[in-house]
Amino acid sequence: MNFQLTEEQILIQKTAREFADTELAPGVVERDDKKIWPKEGVAKMAALGFMGMMTNSKWNGEGMDTISYTIAMEEISRVEASAGVVMSVNNSLVCYLLEKFASDHIKEKYLKVLASGNQLGAFSLSEPQSGSDASNMKTTAQKKGDHYLISGIKNWVTSGINSDYVILFAVTEKGVGYKGVSCFIVEKGYTGFEMGKPENKLGIRASDTCELYFDSVKVPAENLIGKEGEGFKIALATLDGGRIGIAAQALGIAQASLNASVSYSKERIQFGKPISTHQAIQFKIADMAMEIEAARLLVWQAAWKKDQKQQYGHFSSMAKVFASEVAMRASTQCVQIHGGFGFMRESGIERLMRDAKITQIYEGTSEIQRVVIARSIIK
Ligand code: CAA
């Protein structure tokens with residue numbers, strides 16, 4: 001067993017840390033408050049190679065391992081979780097899915113521009129009536145010769161507005177449950193494809209989330225990913241990896257909460273001494289630090305298992321559910337340590353708590369992660 005990061009991983013950590021602190025930190029509170037998408041930050045992340053980190057260089061990616069990706073995700077999300085989710089979706093839901101399941105034609109046409117970060121992807125699975133029960137979707141794709149006609153409504157789509165392409169799941173055969181779900185890549189410019197307004201969210205407010213509307217959208221048959229009926233398994237296999245990215249995002253939020261708590265408690269004087277010298281505060285900091293270390297080990301273990309091509313689905317669920325709950329507890333205690341100041345929008349502290357909440361919900365709720373874990377243990 002070796003807990004030492006490689007030289008390359010240490011360099012990625014340093015690069016991501018410095019980039020986040022110098023380029024993402026300025027304006028982060030305002031972007032959250034006013035729902036301003038981090039356009040410059042995302043462009044710079046693309047230039048650093050952070051938008052297709054695990055994709056092979058043949059397809060314009062960086063060919064790095066999953067541990068490197070989680071390290072970069074943690075550092076970006078430590079400063080701006082909204083930028084973190086844009087990075088996570090493009091890397092682990094879009095580029096990974098295309099590299100693993102799409103034809104060379106699709107990889108040539110779409111993966112190359114997506115992995116380089118020159119264009120951006122979204123992943124659209126959920127619908128108003130099918131969130132956790134993901135295969136219960138109503139969007140249909142009817143084969144008509146050399147194309148499909150897609151109709152339906154999708155919701156809660158991260159990067160739905162700012163993306164150029166969408167990985168879309170739709171029913172090609174009704175009445176056979178998940179076996180009738182297929183996967184497509186759809187271009188924004190296709191006739192009949194409209195976006196809803198940006199949602200007004202509790203957290204990760206600088207990222208965009210919207211509904212997508214498909215009204216008989218003509219999609220070339222060659223944009224089918226995998227075979228008809230394979231879509232649901234493609235979605236679940238992709239989410240196995242996606243959940244490692246969200247776990248790393250949660251870890252970043254938790255680490256930011258600890259860092260802010262330590263520095264504030266050393267400065268804040270109450271009863272004649274820094275509050276860091278009061279045991280009530282020390283115990284909170286000790287619990288945060290302990291839980292963060294445990295979460296990081298789970299995140300790195302899931303990433304390592306993926307890199308080793310071992311079964312990792314339930315390990316990524318363990319990492320996500322644990323890290324997201326740690327992020328929620330750490331950020332709540334961080335607000336508590338900051339007291340009245342932490343409750344103010346301008347402090348940037350309460351944002352950590354709002355951002356943490358979504359990590360317990362998207363890419364599968366904590367309840368669904370527990371279902372995945374329990375099924376793998378009990379089977
Ligand atoms: N990989 C590949 N195949 C898998 C799989 C996996 N991880 N897990 C299950 N399967 C297979 C099963 O073996 C089964 O196939 P067979 O019949 O051949 O054995 C098939 O898929 C169906 O599996 P289940 O019967 O287990 O399906 P289910 O309906 O009970 O659902 C679930 C399982 C775990 C609840 C699943 O629906 C799920 O994960 N739901 C949550 C959905 C989710 O995470 N949504 C996130 C939206 S995307 C998002 O949030 C992105 C963003 O914006 C950031």
# chains A, B, ... in the order shown; residues from 1 in each chain; ligands from 1
call {"tool": "residues_near_ligand", "arguments": {"ligand": "ligand 1", "cutoff": "6 Å", "atoms": "only C-alpha atoms and all ligand atoms", "output": "list in words"}}
result
Val89, Leu125, Ser126, Gly131, Ser132, Asp133, Ala134, Ser135, Val157, Thr158, Lys233, Leu236, Ala237, Asp240, Gly313, Tyr362, Glu363, Gly364, Ile368 and Val372 of chain A
call {"tool": "write_last_selection", "arguments": {"atoms": "all heavy atoms", "output": "short mmCIF file (atom, residue, chain, number, x, y, z; two decimals), in the first residue's frame"}}
result
data_model
loop_
_atom_site.label_atom_id
_atom_site.label_comp_id
_atom_site.auth_asym_id
_atom_site.auth_seq_id
_atom_site.Cartn_x
_atom_site.Cartn_y
_atom_site.Cartn_z
N VAL A 89 -18.89 17.31 -15.11
CA VAL A 89 -19.82 16.79 -16.12
C VAL A 89 -19.09 16.57 -17.44
O VAL A 89 -19.23 15.51 -18.08
CB VAL A 89 -21.03 17.75 -16.30
CG1 VAL A 89 -21.83 17.38 -17.53
CG2 VAL A 89 -21.92 17.70 -15.06
N LEU A 125 -30.37 13.02 -18.42
CA LEU A 125 -31.03 11.76 -18.10
C LEU A 125 -32.39 12.03 -17.44
O LEU A 125 -33.40 11.44 -17.83
CB LEU A 125 -30.12 10.96 -17.15
CG LEU A 125 -30.62 9.62 -16.62
CD1 LEU A 125 -30.69 8.59 -17.75
CD2 LEU A 125 -29.68 9.08 -15.53
N SER A 126 -32.42 12.94 -16.47
CA SER A 126 -33.61 13.14 -15.62
C SER A 126 -34.75 13.79 -16.38
O SER A 126 -34.55 14.57 -17.32
CB SER A 126 -33.26 14.02 -14.42
OG SER A 126 -32.19 13.47 -13.70
N GLY A 131 -36.49 10.87 -11.72
CA GLY A 131 -35.23 11.35 -11.13
C GLY A 131 -34.43 10.14 -10.68
O GLY A 131 -33.65 9.57 -11.45
N SER A 132 -34.69 9.68 -9.45
CA SER A 132 -34.03 8.46 -8.96
C SER A 132 -34.45 7.25 -9.79
O SER A 132 -33.64 6.38 -10.11
CB SER A 132 -34.39 8.22 -7.48
OG SER A 132 -33.83 9.23 -6.69
N ASP A 133 -35.75 7.21 -10.16
CA ASP A 133 -36.28 6.12 -10.99
C ASP A 133 -35.96 6.46 -12.46
O ASP A 133 -36.85 6.72 -13.27
CB ASP A 133 -37.79 6.02 -10.75
CG ASP A 133 -38.42 4.85 -11.47
OD1 ASP A 133 -37.67 4.01 -12.02
OD2 ASP A 133 -39.66 4.77 -11.49
N ALA A 134 -34.67 6.42 -12.76
CA ALA A 134 -34.19 7.04 -14.00
C ALA A 134 -34.69 6.38 -15.29
O ALA A 134 -34.81 7.04 -16.32
CB ALA A 134 -32.66 7.06 -13.98
N SER A 135 -34.99 5.08 -15.24
CA SER A 135 -35.38 4.44 -16.51
C SER A 135 -36.84 4.74 -16.88
O SER A 135 -37.27 4.44 -17.99
CB SER A 135 -35.18 2.92 -16.43
OG SER A 135 -36.06 2.37 -15.48
N VAL A 157 -30.73 19.87 -16.02
CA VAL A 157 -29.56 19.57 -16.84
C VAL A 157 -28.45 20.58 -16.53
O VAL A 157 -28.55 21.76 -16.86
CB VAL A 157 -29.89 19.59 -18.35
CG1 VAL A 157 -28.68 19.18 -19.16
CG2 VAL A 157 -31.08 18.71 -18.65
N THR A 158 -27.37 20.08 -15.91
CA THR A 158 -26.20 20.93 -15.62
C THR A 158 -25.55 21.33 -16.94
O THR A 158 -25.40 20.49 -17.83
CB THR A 158 -25.18 20.16 -14.76
OG1 THR A 158 -25.83 19.72 -13.57
CG2 THR A 158 -23.99 21.03 -14.41
N LYS A 233 -27.87 1.11 -19.36
CA LYS A 233 -26.63 0.56 -18.77
C LYS A 233 -25.45 1.50 -19.03
O LYS A 233 -24.55 1.62 -18.20
CB LYS A 233 -26.36 -0.84 -19.33
CG LYS A 233 -27.31 -1.89 -18.78
CD LYS A 233 -26.89 -3.29 -19.14
CE LYS A 233 -27.90 -4.29 -18.61
NZ LYS A 233 -27.57 -5.68 -18.91
N LEU A 236 -25.80 4.19 -16.34
CA LEU A 236 -25.39 3.76 -14.99
C LEU A 236 -23.88 3.52 -14.91
O LEU A 236 -23.24 3.89 -13.92
CB LEU A 236 -26.15 2.50 -14.57
CG LEU A 236 -27.66 2.64 -14.35
CD1 LEU A 236 -28.24 1.38 -13.73
CD2 LEU A 236 -28.02 3.83 -13.48
N ALA A 237 -23.31 2.93 -15.95
CA ALA A 237 -21.86 2.69 -15.95
C ALA A 237 -21.11 4.02 -15.93
O ALA A 237 -20.07 4.15 -15.28
CB ALA A 237 -21.47 1.87 -17.17
N ASP A 240 -21.24 5.67 -12.48
CA ASP A 240 -20.27 5.08 -11.53
C ASP A 240 -19.02 5.95 -11.44
O ASP A 240 -18.48 6.17 -10.35
CB ASP A 240 -19.85 3.68 -11.99
CG ASP A 240 -20.90 2.61 -11.71
OD1 ASP A 240 -21.83 2.89 -10.92
OD2 ASP A 240 -20.78 1.51 -12.27
N GLY A 313 -18.08 0.45 -8.81
CA GLY A 313 -19.36 1.17 -8.70
C GLY A 313 -19.77 1.46 -7.28
O GLY A 313 -20.06 2.61 -6.92
N TYR A 362 -27.38 15.38 -6.58
CA TYR A 362 -27.22 15.03 -8.01
C TYR A 362 -26.27 13.85 -8.23
O TYR A 362 -25.57 13.42 -7.32
CB TYR A 362 -26.91 16.24 -8.89
CG TYR A 362 -25.67 17.08 -8.68
CD1 TYR A 362 -24.57 16.67 -7.94
CD2 TYR A 362 -25.60 18.34 -9.29
CE1 TYR A 362 -23.46 17.47 -7.80
CE2 TYR A 362 -24.48 19.16 -9.16
CZ TYR A 362 -23.43 18.71 -8.41
OH TYR A 362 -22.33 19.51 -8.28
N GLU A 363 -26.35 13.34 -9.43
CA GLU A 363 -25.68 12.09 -9.83
C GLU A 363 -26.05 10.94 -8.88
O GLU A 363 -25.24 10.05 -8.60
CB GLU A 363 -24.17 12.28 -9.99
CG GLU A 363 -23.90 13.28 -11.12
CD GLU A 363 -22.52 13.20 -11.72
OE1 GLU A 363 -21.89 12.14 -11.65
OE2 GLU A 363 -22.09 14.24 -12.28
N GLY A 364 -27.29 10.99 -8.42
CA GLY A 364 -27.83 9.95 -7.53
C GLY A 364 -27.81 10.45 -6.10
O GLY A 364 -26.76 10.78 -5.57
N ILE A 368 -30.08 6.77 -3.00
CA ILE A 368 -29.78 5.86 -4.13
C ILE A 368 -28.37 5.26 -3.98
O ILE A 368 -28.16 4.08 -4.26
CB ILE A 368 -29.94 6.60 -5.49
CG1 ILE A 368 -31.42 6.88 -5.77
CG2 ILE A 368 -29.29 5.82 -6.64
CD1 ILE A 368 -32.28 5.63 -5.95
N VAL A 372 -27.36 1.29 -4.01
CA VAL A 372 -26.29 0.67 -4.81
C VAL A 372 -25.32 -0.10 -3.90
O VAL A 372 -24.94 -1.24 -4.20
CB VAL A 372 -25.52 1.76 -5.62
CG1 VAL A 372 -24.30 1.17 -6.31
CG2 VAL A 372 -26.45 2.43 -6.65
#
call {"tool": "residues_around", "arguments": {"residues": "Leu98 in chain A", "least_positions_apart": "2", "cutoff": "12 Å", "atoms": "only C-alpha atoms", "output": "PyMOL selection string"}}
result
chain A and resi 52+54-56+59+90-96+100-115+121-123+165-168+183-185+223-226+234-235+238
call {"tool": "write_last_selection", "arguments": {"atoms": "N, CA and C atoms", "output": "compact mmCIF listing (two decimals), in the first residue's frame"}}
result
# COMPACT_ATOMS: atom_id res chain seq x y z
N GLY A 52 -10.67 17.51 -20.22
CA GLY A 52 -10.67 16.14 -20.74
C GLY A 52 -9.51 15.38 -20.13
N MET A 54 -9.02 12.66 -18.33
CA MET A 54 -8.81 11.20 -18.39
C MET A 54 -8.90 10.66 -19.81
N THR A 55 -9.25 11.52 -20.77
CA THR A 55 -9.42 11.07 -22.15
C THR A 55 -8.05 10.87 -22.80
N ASN A 56 -7.95 9.84 -23.63
CA ASN A 56 -6.70 9.55 -24.32
C ASN A 56 -6.27 10.73 -25.21
N TRP A 59 -7.62 11.50 -28.62
CA TRP A 59 -8.87 12.26 -28.77
C TRP A 59 -8.74 13.63 -28.11
N ASN A 90 -18.28 17.55 -17.85
CA ASN A 90 -17.59 17.40 -19.14
C ASN A 90 -16.61 16.23 -19.14
N ASN A 91 -15.88 16.08 -18.02
CA ASN A 91 -14.88 15.01 -17.94
C ASN A 91 -15.51 13.64 -17.80
N SER A 92 -16.30 13.49 -16.70
CA SER A 92 -16.66 12.11 -16.35
C SER A 92 -18.00 11.66 -16.87
N LEU A 93 -18.89 12.57 -17.21
CA LEU A 93 -20.16 12.11 -17.78
C LEU A 93 -20.15 12.17 -19.30
N VAL A 94 -19.46 13.16 -19.87
CA VAL A 94 -19.52 13.33 -21.33
C VAL A 94 -18.32 12.66 -22.01
N CYS A 95 -17.10 13.13 -21.71
CA CYS A 95 -15.93 12.57 -22.42
C CYS A 95 -15.74 11.09 -22.12
N TYR A 96 -15.91 10.72 -20.85
CA TYR A 96 -15.73 9.30 -20.50
C TYR A 96 -16.72 8.43 -21.27
N LYS A 100 -15.70 5.58 -24.06
CA LYS A 100 -15.95 4.17 -23.76
C LYS A 100 -17.00 3.55 -24.69
N PHE A 101 -18.02 4.32 -25.06
CA PHE A 101 -19.16 3.69 -25.73
C PHE A 101 -19.42 4.16 -27.16
N ALA A 102 -18.85 5.29 -27.60
CA ALA A 102 -19.24 5.84 -28.92
C ALA A 102 -18.39 5.28 -30.05
N SER A 103 -18.91 5.44 -31.26
CA SER A 103 -18.18 5.02 -32.47
C SER A 103 -17.00 5.97 -32.72
N ASP A 104 -16.05 5.52 -33.53
CA ASP A 104 -14.91 6.38 -33.88
C ASP A 104 -15.38 7.64 -34.60
N HIS A 105 -16.46 7.50 -35.38
CA HIS A 105 -16.99 8.66 -36.08
C HIS A 105 -17.41 9.74 -35.08
N ILE A 106 -18.13 9.32 -34.03
CA ILE A 106 -18.57 10.28 -33.00
C ILE A 106 -17.36 10.83 -32.24
N LYS A 107 -16.40 9.96 -31.96
CA LYS A 107 -15.21 10.43 -31.22
C LYS A 107 -14.46 11.48 -32.03
N GLU A 108 -14.32 11.21 -33.32
CA GLU A 108 -13.62 12.16 -34.20
C GLU A 108 -14.35 13.50 -34.24
N LYS A 109 -15.68 13.40 -34.39
CA LYS A 109 -16.47 14.62 -34.60
C LYS A 109 -16.71 15.39 -33.30
N TYR A 110 -16.99 14.67 -32.20
CA TYR A 110 -17.40 15.37 -30.97
C TYR A 110 -16.39 15.26 -29.82
N LEU A 111 -15.83 14.06 -29.62
CA LEU A 111 -14.98 13.89 -28.44
C LEU A 111 -13.75 14.80 -28.51
N LYS A 112 -13.19 14.95 -29.71
CA LYS A 112 -11.96 15.76 -29.83
C LYS A 112 -12.19 17.21 -29.37
N VAL A 113 -13.31 17.80 -29.78
CA VAL A 113 -13.55 19.20 -29.37
C VAL A 113 -13.97 19.29 -27.91
N LEU A 114 -14.60 18.22 -27.40
CA LEU A 114 -15.05 18.24 -26.01
C LEU A 114 -13.88 18.00 -25.04
N ALA A 115 -13.01 17.05 -25.39
CA ALA A 115 -11.88 16.74 -24.49
C ALA A 115 -10.87 17.88 -24.44
N GLY A 121 -19.93 19.90 -23.04
CA GLY A 121 -21.02 18.93 -23.10
C GLY A 121 -21.88 18.92 -21.84
N ALA A 122 -23.12 18.42 -22.03
CA ALA A 122 -24.04 18.21 -20.91
C ALA A 122 -24.55 16.77 -20.97
N PHE A 123 -25.15 16.32 -19.86
CA PHE A 123 -25.61 14.94 -19.73
C PHE A 123 -27.06 15.02 -19.28
N TYR A 165 -23.14 20.48 -26.89
CA TYR A 165 -23.71 19.17 -27.22
C TYR A 165 -24.29 18.54 -25.95
N VAL A 166 -25.30 17.71 -26.16
CA VAL A 166 -25.94 17.06 -25.02
C VAL A 166 -25.98 15.55 -25.24
N ILE A 167 -25.53 14.81 -24.23
CA ILE A 167 -25.72 13.36 -24.22
C ILE A 167 -27.14 13.15 -23.72
N LEU A 168 -27.96 12.52 -24.55
CA LEU A 168 -29.39 12.46 -24.28
C LEU A 168 -29.87 11.00 -24.24
N CYS A 183 -29.14 5.87 -26.12
CA CYS A 183 -28.31 7.05 -25.82
C CYS A 183 -27.88 7.74 -27.12
N PHE A 184 -27.96 9.07 -27.15
CA PHE A 184 -27.63 9.84 -28.35
C PHE A 184 -26.73 11.02 -28.00
N ILE A 185 -26.05 11.54 -29.01
CA ILE A 185 -25.44 12.87 -28.84
C ILE A 185 -26.19 13.82 -29.76
N ASN A 223 -25.70 9.27 -34.74
CA ASN A 223 -25.48 9.89 -33.42
C ASN A 223 -25.94 9.00 -32.27
N LEU A 224 -26.45 7.80 -32.62
CA LEU A 224 -26.78 6.81 -31.59
C LEU A 224 -25.45 6.32 -30.97
N ILE A 225 -25.41 6.27 -29.63
CA ILE A 225 -24.20 5.78 -28.94
C ILE A 225 -24.46 4.37 -28.43
N GLY A 226 -23.60 3.44 -28.79
CA GLY A 226 -23.86 2.03 -28.51
C GLY A 226 -24.99 1.55 -29.40
N ILE A 234 -25.48 2.16 -20.19
CA ILE A 234 -24.43 3.15 -20.48
C ILE A 234 -24.51 4.28 -19.45
N ALA A 235 -25.75 4.72 -19.15
CA ALA A 235 -25.93 5.81 -18.17
C ALA A 235 -25.41 5.39 -16.80
N THR A 238 -21.66 5.02 -16.64
CA THR A 238 -21.01 6.34 -16.67
C THR A 238 -21.14 7.02 -15.30
call {"tool": "atom_distance", "arguments": {"atom1": "CA of Gly252 in chain A", "atom2": "CA of Arg345 in chain A"}}
result
19.8 Å
call {"tool": "residues_around", "arguments": {"residues": "Lys35 in chain A", "least_positions_apart": "4", "cutoff": "6 Å", "atoms": "only C-alpha atoms", "output": "ChimeraX atom specification"}}
result
/A:31,205-206
call {"tool": "closest_residue", "arguments": {"among": "A:Trp37, A:Gln142, A:Met344, A:Leu149", "to": "Pro198 in chain A", "atoms": "only C-alpha atoms"}}
result
A:Trp37
call {"tool": "select_by_dssp", "arguments": {"residues": "range 107-261 of chain A", "states": "strand (DSSP E or B)", "output": "ChimeraX atom specification"}}
result
/A:121-124,127,130,140-144,147-158,165-171,181-187,193-195,209-220,224-225
call {"tool": "atom_distance", "arguments": {"atom1": "CA of Ile153 in chain A", "atom2": "CA of Asp32 in chain A"}}
result
27.1 Å
call {"tool": "residues_around", "arguments": {"residues": "Ile12 in chain A", "least_positions_apart": "4", "cutoff": "12 Å", "atoms": "only C-alpha atoms", "output": "PyMOL selection string"}}
result
chain A and resi 5-8+16-20+48-50+53+62+64-65+67-76
call {"tool": "write_last_selection", "arguments": {"atoms": "N, CA, C and O atoms", "output": "compact mmCIF listing (two decimals), in the first residue's frame"}}
result
# COMPACT_ATOMS: atom_id res chain seq x y z
N LEU A 5 1.44 10.42 -3.28
CA LEU A 5 1.09 10.82 -4.65
C LEU A 5 2.34 10.77 -5.52
O LEU A 5 3.45 10.96 -5.03
N THR A 6 2.15 10.53 -6.82
CA THR A 6 3.28 10.55 -7.73
C THR A 6 3.73 12.00 -7.97
O THR A 6 2.98 12.95 -7.67
N GLU A 7 4.91 12.17 -8.56
CA GLU A 7 5.39 13.54 -8.86
C GLU A 7 4.41 14.26 -9.76
O GLU A 7 4.14 15.46 -9.61
N GLU A 8 3.86 13.52 -10.74
CA GLU A 8 2.90 14.14 -11.68
C GLU A 8 1.63 14.57 -10.93
O GLU A 8 1.10 15.67 -11.16
N ALA A 16 -3.51 23.06 -10.02
CA ALA A 16 -4.94 23.31 -9.81
C ALA A 16 -5.14 24.24 -8.60
O ALA A 16 -5.99 25.13 -8.64
N ARG A 17 -4.34 24.05 -7.56
CA ARG A 17 -4.47 24.86 -6.34
C ARG A 17 -4.15 26.33 -6.65
O ARG A 17 -4.91 27.23 -6.31
N GLU A 18 -3.01 26.54 -7.34
CA GLU A 18 -2.61 27.93 -7.65
C GLU A 18 -3.61 28.59 -8.59
O GLU A 18 -3.98 29.74 -8.44
N PHE A 19 -4.05 27.81 -9.59
CA PHE A 19 -5.02 28.35 -10.55
C PHE A 19 -6.30 28.76 -9.82
O PHE A 19 -6.84 29.85 -10.02
N ALA A 20 -6.82 27.86 -8.97
CA ALA A 20 -8.07 28.14 -8.26
C ALA A 20 -7.92 29.38 -7.37
O ALA A 20 -8.80 30.26 -7.35
N LEU A 48 -5.66 24.62 -19.44
CA LEU A 48 -4.80 23.82 -18.54
C LEU A 48 -4.97 22.32 -18.78
O LEU A 48 -4.27 21.50 -18.17
N GLY A 49 -5.94 21.96 -19.62
CA GLY A 49 -6.17 20.53 -19.90
C GLY A 49 -7.11 19.87 -18.90
O GLY A 49 -7.16 18.65 -18.79
N PHE A 50 -7.88 20.70 -18.16
CA PHE A 50 -8.73 20.15 -17.10
C PHE A 50 -10.10 19.69 -17.60
O PHE A 50 -10.90 19.19 -16.81
N MET A 53 -9.43 15.43 -18.81
CA MET A 53 -8.22 14.95 -18.12
C MET A 53 -7.95 13.47 -18.33
O MET A 53 -6.81 13.06 -18.47
N GLU A 62 -5.92 14.46 -21.96
CA GLU A 62 -4.62 14.50 -21.28
C GLU A 62 -4.12 13.10 -20.90
O GLU A 62 -2.97 12.96 -20.46
N MET A 64 -4.68 11.25 -18.36
CA MET A 64 -4.25 11.10 -16.95
C MET A 64 -5.11 10.07 -16.23
O MET A 64 -6.15 9.65 -16.73
N ASP A 65 -4.68 9.71 -15.02
CA ASP A 65 -5.46 8.73 -14.26
C ASP A 65 -6.58 9.42 -13.49
O ASP A 65 -6.66 10.65 -13.41
N ILE A 67 -7.14 9.36 -10.29
CA ILE A 67 -6.70 10.02 -9.05
C ILE A 67 -6.30 11.47 -9.36
O ILE A 67 -6.68 12.40 -8.64
N SER A 68 -5.57 11.67 -10.46
CA SER A 68 -5.20 13.04 -10.85
C SER A 68 -6.44 13.90 -11.03
O SER A 68 -6.50 15.07 -10.62
N TYR A 69 -7.46 13.31 -11.67
CA TYR A 69 -8.71 14.03 -11.90
C TYR A 69 -9.37 14.42 -10.57
O TYR A 69 -9.83 15.56 -10.41
N THR A 70 -9.40 13.49 -9.60
CA THR A 70 -10.06 13.82 -8.33
C THR A 70 -9.28 14.91 -7.58
O THR A 70 -9.87 15.75 -6.92
N ILE A 71 -7.96 14.88 -7.73
CA ILE A 71 -7.12 15.90 -7.07
C ILE A 71 -7.44 17.28 -7.63
O ILE A 71 -7.64 18.25 -6.90
N ALA A 72 -7.51 17.35 -8.97
CA ALA A 72 -7.83 18.64 -9.61
C ALA A 72 -9.25 19.08 -9.27
O ALA A 72 -9.50 20.25 -8.97
N MET A 73 -10.18 18.13 -9.30
CA MET A 73 -11.58 18.45 -8.97
C MET A 73 -11.69 19.01 -7.55
O MET A 73 -12.43 19.96 -7.30
N GLU A 74 -10.95 18.40 -6.61
CA GLU A 74 -11.01 18.88 -5.22
C GLU A 74 -10.52 20.33 -5.14
O GLU A 74 -11.15 21.18 -4.50
N GLU A 75 -9.40 20.60 -5.82
CA GLU A 75 -8.81 21.95 -5.73
C GLU A 75 -9.71 23.01 -6.38
O GLU A 75 -9.88 24.10 -5.84
N ILE A 76 -10.28 22.69 -7.54
CA ILE A 76 -11.17 23.64 -8.21
C ILE A 76 -12.41 23.89 -7.35
O ILE A 76 -12.82 25.03 -7.12
call {"tool": "atom_distance", "arguments": {"atom1": "CA of Ala294 in chain A", "atom2": "CA of Leu11 in chain A"}}
result
22.9 Å
call {"tool": "closest_residue", "arguments": {"among": "A:Leu297, A:Asn259, A:Ile337, A:Asp208", "to": "Gln282 in chain A", "atoms": "only C-alpha atoms"}}
result
A:Ile337
call {"tool": "select_by_dssp", "arguments": {"residues": "range 176-330 of chain A", "states": "helix (DSSP H, G or I)", "output": "VMD selection string"}}
result
chain A and resid 177 to 180 221 to 223 231 to 267 275 to 277 279 to 307 313 to 330
call {"tool": "residues_around", "arguments": {"residues": "Leu202 in chain A", "least_positions_apart": "5", "cutoff": "9 Å", "atoms": "only C-alpha atoms", "output": "ChimeraX atom specification"}}
result
/A:354-355,357-358
call {"tool": "residues_around", "arguments": {"residues": "Gly152 in chain A", "least_positions_apart": "5", "cutoff": "8 Å", "atoms": "only C-alpha atoms", "output": "JSON, numbers by chain"}}
result
{"A": [138, 139, 140, 213, 214, 215]}
call {"tool": "write_last_selection", "arguments": {"atoms": "N, CA, C and O atoms", "output": "PDB file, in the first residue's frame"}}
result
ATOM      1  N   LYS A 138     -39.953   9.458 -20.358  1.00  0.00           N
ATOM      2  CA  LYS A 138     -41.019   9.554 -21.361  1.00  0.00           C
ATOM      3  C   LYS A 138     -40.496  10.060 -22.712  1.00  0.00           C
ATOM      4  O   LYS A 138     -41.193   9.942 -23.721  1.00  0.00           O
ATOM      5  N   THR A 139     -39.331  10.657 -22.727  1.00  0.00           N
ATOM      6  CA  THR A 139     -38.787  11.173 -23.987  1.00  0.00           C
ATOM      7  C   THR A 139     -38.597  10.015 -24.962  1.00  0.00           C
ATOM      8  O   THR A 139     -38.045   8.975 -24.606  1.00  0.00           O
ATOM      9  N   THR A 140     -39.079  10.204 -26.191  1.00  0.00           N
ATOM     10  CA  THR A 140     -39.020   9.110 -27.165  1.00  0.00           C
ATOM     11  C   THR A 140     -38.099   9.461 -28.335  1.00  0.00           C
ATOM     12  O   THR A 140     -37.931  10.636 -28.687  1.00  0.00           O
ATOM     13  N   TYR A 213     -36.110  21.063 -24.131  1.00  0.00           N
ATOM     14  CA  TYR A 213     -37.341  20.668 -24.819  1.00  0.00           C
ATOM     15  C   TYR A 213     -37.003  20.133 -26.202  1.00  0.00           C
ATOM     16  O   TYR A 213     -36.259  20.777 -26.959  1.00  0.00           O
ATOM     17  N   PHE A 214     -37.561  19.006 -26.537  1.00  0.00           N
ATOM     18  CA  PHE A 214     -37.316  18.381 -27.842  1.00  0.00           C
ATOM     19  C   PHE A 214     -38.662  18.194 -28.543  1.00  0.00           C
ATOM     20  O   PHE A 214     -39.535  17.474 -28.038  1.00  0.00           O
ATOM     21  N   ASP A 215     -38.818  18.871 -29.672  1.00  0.00           N
ATOM     22  CA  ASP A 215     -40.068  18.778 -30.427  1.00  0.00           C
ATOM     23  C   ASP A 215     -39.753  18.194 -31.805  1.00  0.00           C
ATOM     24  O   ASP A 215     -39.336  18.917 -32.706  1.00  0.00           O
TER      25      ASP A 215
END
call {"tool": "residues_around", "arguments": {"residues": "Leu298 in chain A", "least_positions_apart": "6", "cutoff": "8 Å", "atoms": "only C-alpha atoms", "output": "list of chain:residue names"}}
result
A:Phe315, A:Met318, A:Ala319
call {"tool": "closest_residue", "arguments": {"among": "A:Thr209, A:Phe232, A:Asp146, A:Glu222", "to": "Phe169 in chain A", "atoms": "only C-alpha atoms"}}
result
A:Phe232
call {"tool": "closest_residue", "arguments": {"among": "A:Ile285, A:Lys14, A:Ser376, A:Gly160", "to": "Gln336 in chain A", "atoms": "only C-alpha atoms"}}
result
A:Ile285
call {"tool": "closest_residue", "arguments": {"among": "A:Gly272, A:Gly177, A:Gly117, A:Gly241", "to": "Ala302 in chain A", "atoms": "only C-alpha atoms"}}
result
A:Gly241
